[in-house]
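Engineer: The structure that follows is given in the form of structure tokens.
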Amino acid sequence: MSDNKGRFFIPILFFIAIGGTAAFIIYYVTSGAISSNIMFLSQMNAADFVLILLAASIPILILEYSIFAIPLAGVFLIVNRFLKAASYEMNIMNIGRVFHGRHMIRRAAAPALFSVASSDMLRGIIENAVYVSAPTGYEFLHDATLSLMAALLFMPLALLIFMPTWVLNDSGIVTHLKENKLEIRQCPDTQGVGRWVSSIFGGYALIAFPITMINTHLYEPYIAEGVSLTIRQLLNASLLILGLPLFVMAFIMPVILFNERSQHRVRTKMAALATRLGATIIKKEKIEKVTRITSEGILTEEGGKEIISTAKTIRASKTEREVVSSRKAISKKKDGKKKVTKKKKKT
């Protein structure tokens with residue numbers, strides 16, 4: 001990726017500001033917890049113990065990345081190759097190197113939504129382990145803290161799914177339809193292997209997240225209990241639903257930053273594995289605008305350019321260019337000979 005270190009400024013600021021706010025909310029709400037409710041805490045204050053866990057989670061998550069990201073990416077790659085071997089080729093595309101801070105923050109969204117949507121079952125366990133008492137007037141923070149702590153507890157499992165997709169996407173490993181499959185009337189399907197995996201779990205997160213949040217923070221506490229919603233309660237619930245993923249994203253940022261610093265090692269190992277699975281390097285061509293479409297809606301030959309070229313098509317295009325150049329050279333020689341014979345006849 002790009003060596004511009006300035007691109008790390010926004011993700012680091014996001015981690016400090018949003019992650020610090022999340023840690024403060026957790027500490028503020030759990031400060032009223034009774035330490036005897038957690039048997040293994042002994043005499044330690046529950047809020048202090050939670051902060052220690054939050055601080056320790058960062059090196060633990062980085063260690064998790066170092067151990068599992070590349071092996072699990074290899075597993076996903078092998079599964080994809082096995083499932084798509086009949087119709088798809090696997091290739092390594094020479095992709096771009098630019099990856100700004102906003103791209104890093106955006107990358108954390110899918111695992112954060114997945115964590116929040118899947119961790120609702122842990123709320124009861126946390127509530128039984130830690131007595132959470134929100135200050136008067138801030139009762140909505142009780143549910144917010146429980147959901148946030150549950151999502152952070154579930155986050156390592158979510159990262160086991162999404163970290164390998166980062167590795168695959170950064171390595172430029174793609175699958176596309178074989179040449180003989182393009183004879184059928186269908187679009188040339190080209191997709192990154194990492195995107196193939198993340199779209200499955202990311203799609204679940206996009207659907208499950210709003211359902212879980214509305215049920216947990218609107219339906220159960222208010223509608224199911226017959227409590228009339230005030231504007232303030234509705235605003236608090238809305239802020240809670242929108243803010244929880246941001247808090248979880250902040251704690252994912254250190255892992256994403258570590259992934260950025262590990263690009264050379266990651267790309268080298270994944271390229272070696274993909275090559276052993278039969279992948280070849282392909283070039284990325286520019287997309288040209290369509291110049292003409294027939295009345296049947298079919299593109300003319302000069303109407304566009306193939307987006308993806310396999311190693312076979314690249315070799316074929318080179319041989320075609322060589323044939324054309326050789327023909328031009330032969331025609332020039334013939335024209336030269338004709339001119340010479342005409343001059344001799346005139347003399």
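Identifiers for the structure tokens are assigned positionally: chains receive A, B, ... in sequence, residues are indexed from 1 per chain, and ligands are indexed from 1 in the order shown.
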Can you pull out every residue within 10 Å of Leu246 in chain A, counting only C-alpha atoms, but drop anything in the same chain fewer than 4 positions away, and send it as a list of chain:residue names?

Structural biologist: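 Returned residues: A:Phe14, A:Phe15, A:Ile18, A:Gly19, A:Ala22, A:Ile105, A:Ala108, A:Ala109, A:Ala112, A:Leu113, A:Ile241, A:Leu242, A:Ala250, A:Phe251, A:Ile252.
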
Engineer: If we count only C-alpha atoms, what is near Asp48 in chain A at a cut-off of 10 Å, once residues fewer than 6 positions away on the same chain are taken out, given as a PDB file with N, CA and C atoms, in the first residue's frame?

Structural biologist:
```pdb
ATOM      1  N   TYR A  27     -16.785   3.029  31.955  1.00  0.00           N
ATOM      2  CA  TYR A  27     -16.271   3.264  33.300  1.00  0.00           C
ATOM      3  C   TYR A  27     -17.296   4.017  34.147  1.00  0.00           C
ATOM      4  N   THR A  30     -20.237   1.502  34.999  1.00  0.00           N
ATOM      5  CA  THR A  30     -19.868   0.348  35.821  1.00  0.00           C
ATOM      6  C   THR A  30     -19.202   0.754  37.134  1.00  0.00           C
ATOM      7  N   SER A  31     -19.023   2.045  37.358  1.00  0.00           N
ATOM      8  CA  SER A  31     -18.395   2.474  38.613  1.00  0.00           C
ATOM      9  C   SER A  31     -19.272   2.154  39.822  1.00  0.00           C
ATOM     10  N   LEU A  54     -10.293  -3.669  28.574  1.00  0.00           N
ATOM     11  CA  LEU A  54     -10.322  -2.902  27.335  1.00  0.00           C
ATOM     12  C   LEU A  54      -8.910  -2.604  26.845  1.00  0.00           C
TER      13      LEU A  54
END
```

Engineer: List the spatial neighbours of range 186-202 of chain A as a ChimeraX atom specification - criterion: any atom at most 8 Å away, only C-alpha atoms, same-chain residues fewer than 2 positions off excluded.

Structural biologist: /A:76-77,80,110-111,114,162,164-169,172-177,182,184,204-206

Engineer: Between A:Leu277, A:Leu257, A:Leu218, A:Leu61, single out the one closest to Val79 in chain A, counting only C-alpha atoms.

Structural biologist: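 Among the listed residues, the smallest separation from Val79 in chain A belongs to A:Leu277.
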
Engineer: Lys269 in chain A: which residues within 12 Å, counting only C-alpha atoms, same-chain residues fewer than 6 positions away excluded, as a PDB file with N, CA and C atoms, in the first residue's frame?

Structural biologist:
```pdb
ATOM      1  N   ALA A  69      -4.994 -14.650  10.836  1.00  0.00           N
ATOM      2  CA  ALA A  69      -5.464 -13.964   9.626  1.00  0.00           C
ATOM      3  C   ALA A  69      -5.032 -14.682   8.350  1.00  0.00           C
ATOM      4  N   ILE A  70      -3.745 -14.956   8.200  1.00  0.00           N
ATOM      5  CA  ILE A  70      -3.252 -15.582   6.974  1.00  0.00           C
ATOM      6  C   ILE A  70      -3.706 -17.043   6.856  1.00  0.00           C
ATOM      7  N   PRO A  71      -3.616 -17.883   7.916  1.00  0.00           N
ATOM      8  CA  PRO A  71      -4.123 -19.262   7.772  1.00  0.00           C
ATOM      9  C   PRO A  71      -5.604 -19.334   7.409  1.00  0.00           C
ATOM     10  N   ALA A  73      -7.325 -17.015   5.880  1.00  0.00           N
ATOM     11  CA  ALA A  73      -7.442 -16.538   4.498  1.00  0.00           C
ATOM     12  C   ALA A  73      -7.122 -17.667   3.524  1.00  0.00           C
ATOM     13  N   GLY A  74      -6.134 -18.483   3.867  1.00  0.00           N
ATOM     14  CA  GLY A  74      -5.815 -19.642   3.042  1.00  0.00           C
ATOM     15  C   GLY A  74      -6.956 -20.647   2.990  1.00  0.00           C
ATOM     16  N   VAL A 167      -7.054  -9.567   4.154  1.00  0.00           N
ATOM     17  CA  VAL A 167      -5.844 -10.143   3.572  1.00  0.00           C
ATOM     18  C   VAL A 167      -6.071 -10.509   2.108  1.00  0.00           C
ATOM     19  N   LEU A 168      -7.204 -11.128   1.814  1.00  0.00           N
ATOM     20  CA  LEU A 168      -7.504 -11.548   0.444  1.00  0.00           C
ATOM     21  C   LEU A 168      -7.728 -10.351  -0.467  1.00  0.00           C
ATOM     22  N   ASP A 170      -6.532  -7.283  -0.088  1.00  0.00           N
ATOM     23  CA  ASP A 170      -5.262  -6.571  -0.276  1.00  0.00           C
ATOM     24  C   ASP A 170      -4.316  -7.326  -1.203  1.00  0.00           C
ATOM     25  N   SER A 171      -4.476  -8.633  -1.300  1.00  0.00           N
ATOM     26  CA  SER A 171      -3.597  -9.438  -2.155  1.00  0.00           C
ATOM     27  C   SER A 171      -4.044  -9.438  -3.610  1.00  0.00           C
ATOM     28  N   ILE A 173      -6.475 -11.127  -5.087  1.00  0.00           N
ATOM     29  CA  ILE A 173      -6.847 -12.446  -5.615  1.00  0.00           C
ATOM     30  C   ILE A 173      -8.316 -12.412  -6.044  1.00  0.00           C
ATOM     31  N   SER A 262       1.570  -4.610   7.669  1.00  0.00           N
ATOM     32  CA  SER A 262       1.980  -5.989   7.375  1.00  0.00           C
ATOM     33  C   SER A 262       1.746  -6.362   5.922  1.00  0.00           C
ATOM     34  N   GLN A 263       1.589  -5.364   5.042  1.00  0.00           N
ATOM     35  CA  GLN A 263       1.183  -5.628   3.668  1.00  0.00           C
ATOM     36  C   GLN A 263       2.184  -6.490   2.893  1.00  0.00           C
ATOM     37  N   THR A 275      -0.740 -19.061  -6.190  1.00  0.00           N
ATOM     38  CA  THR A 275      -0.001 -19.628  -7.321  1.00  0.00           C
ATOM     39  C   THR A 275       0.000 -21.149  -7.252  1.00  0.00           C
ATOM     40  N   ARG A 276       0.170 -21.699  -6.069  1.00  0.00           N
ATOM     41  CA  ARG A 276       0.118 -23.158  -5.913  1.00  0.00           C
ATOM     42  C   ARG A 276      -1.259 -23.713  -6.260  1.00  0.00           C
TER      43      ARG A 276
END
```

Engineer: Apply DSSP to the backbone of this structure and, from range 83-206 of chain A, keep only the residues in alpha helix (DSSP H); write these as a ChimeraX atom specification.

Structural biologist: /A:83-84,101-107,109-118,123-129,140-171,193-206

Engineer: Which neighbours of Ala17 in chain A fall inside 12 Å, counting only C-alpha atoms, when residues of the same chain fewer than 4 positions from it are skipped, and could you give them as a tab-separated table (two decimals) with N, CA and C atoms, in the first residue's frame?

Structural biologist:
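Result file follows (around-v8.tsv):
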```tsv
chain	number	residue	atom	x	y	z
A	10	ILE	N	-6.10	10.18	10.57
A	10	ILE	CA	-7.55	10.13	10.83
A	10	ILE	C	-7.94	8.85	11.56
A	11	PRO	N	-7.47	7.66	11.16
A	11	PRO	CA	-7.83	6.45	11.93
A	11	PRO	C	-7.35	6.51	13.39
A	12	ILE	N	-6.14	7.04	13.61
A	12	ILE	CA	-5.64	7.14	14.98
A	12	ILE	C	-6.48	8.13	15.79
A	13	LEU	N	-6.84	9.25	15.19
A	13	LEU	CA	-7.70	10.23	15.86
A	13	LEU	C	-9.07	9.63	16.15
A	21	THR	N	-14.22	7.84	24.27
A	21	THR	CA	-15.59	8.11	24.72
A	21	THR	C	-16.28	6.82	25.17
A	22	ALA	N	-16.09	5.76	24.41
A	22	ALA	CA	-16.69	4.47	24.77
A	22	ALA	C	-16.15	3.97	26.10
A	23	ALA	N	-14.83	4.08	26.29
A	23	ALA	CA	-14.23	3.63	27.55
A	23	ALA	C	-14.74	4.46	28.73
A	24	PHE	N	-14.93	5.77	28.52
A	24	PHE	CA	-15.44	6.62	29.59
A	24	PHE	C	-16.87	6.25	29.96
A	246	LEU	N	-20.11	2.74	15.90
A	246	LEU	CA	-18.93	3.62	15.88
A	246	LEU	C	-17.99	3.28	17.03
A	247	PHE	N	-18.54	3.01	18.22
A	247	PHE	CA	-17.72	2.65	19.37
A	247	PHE	C	-16.94	1.36	19.11
A	249	MET	N	-16.23	0.09	16.12
A	249	MET	CA	-15.28	0.36	15.04
A	249	MET	C	-13.98	0.94	15.58
A	250	ALA	N	-14.08	1.78	16.61
A	250	ALA	CA	-12.88	2.40	17.18
A	250	ALA	C	-11.92	1.35	17.73
A	251	PHE	N	-12.45	0.30	18.34
A	251	PHE	CA	-11.58	-0.73	18.91
A	251	PHE	C	-11.05	-1.69	17.85
A	253	MET	N	-9.89	-0.41	14.95
A	253	MET	CA	-8.90	0.37	14.20
A	253	MET	C	-7.46	-0.07	14.44
```

Engineer: One number please: CA of Val255 in chain A to CA of Ile62 in chain A, in Å, one decimal.

Structural biologist: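 Separating CA of Val255 in chain A from CA of Ile62 in chain A is a distance of 5.5 Å.
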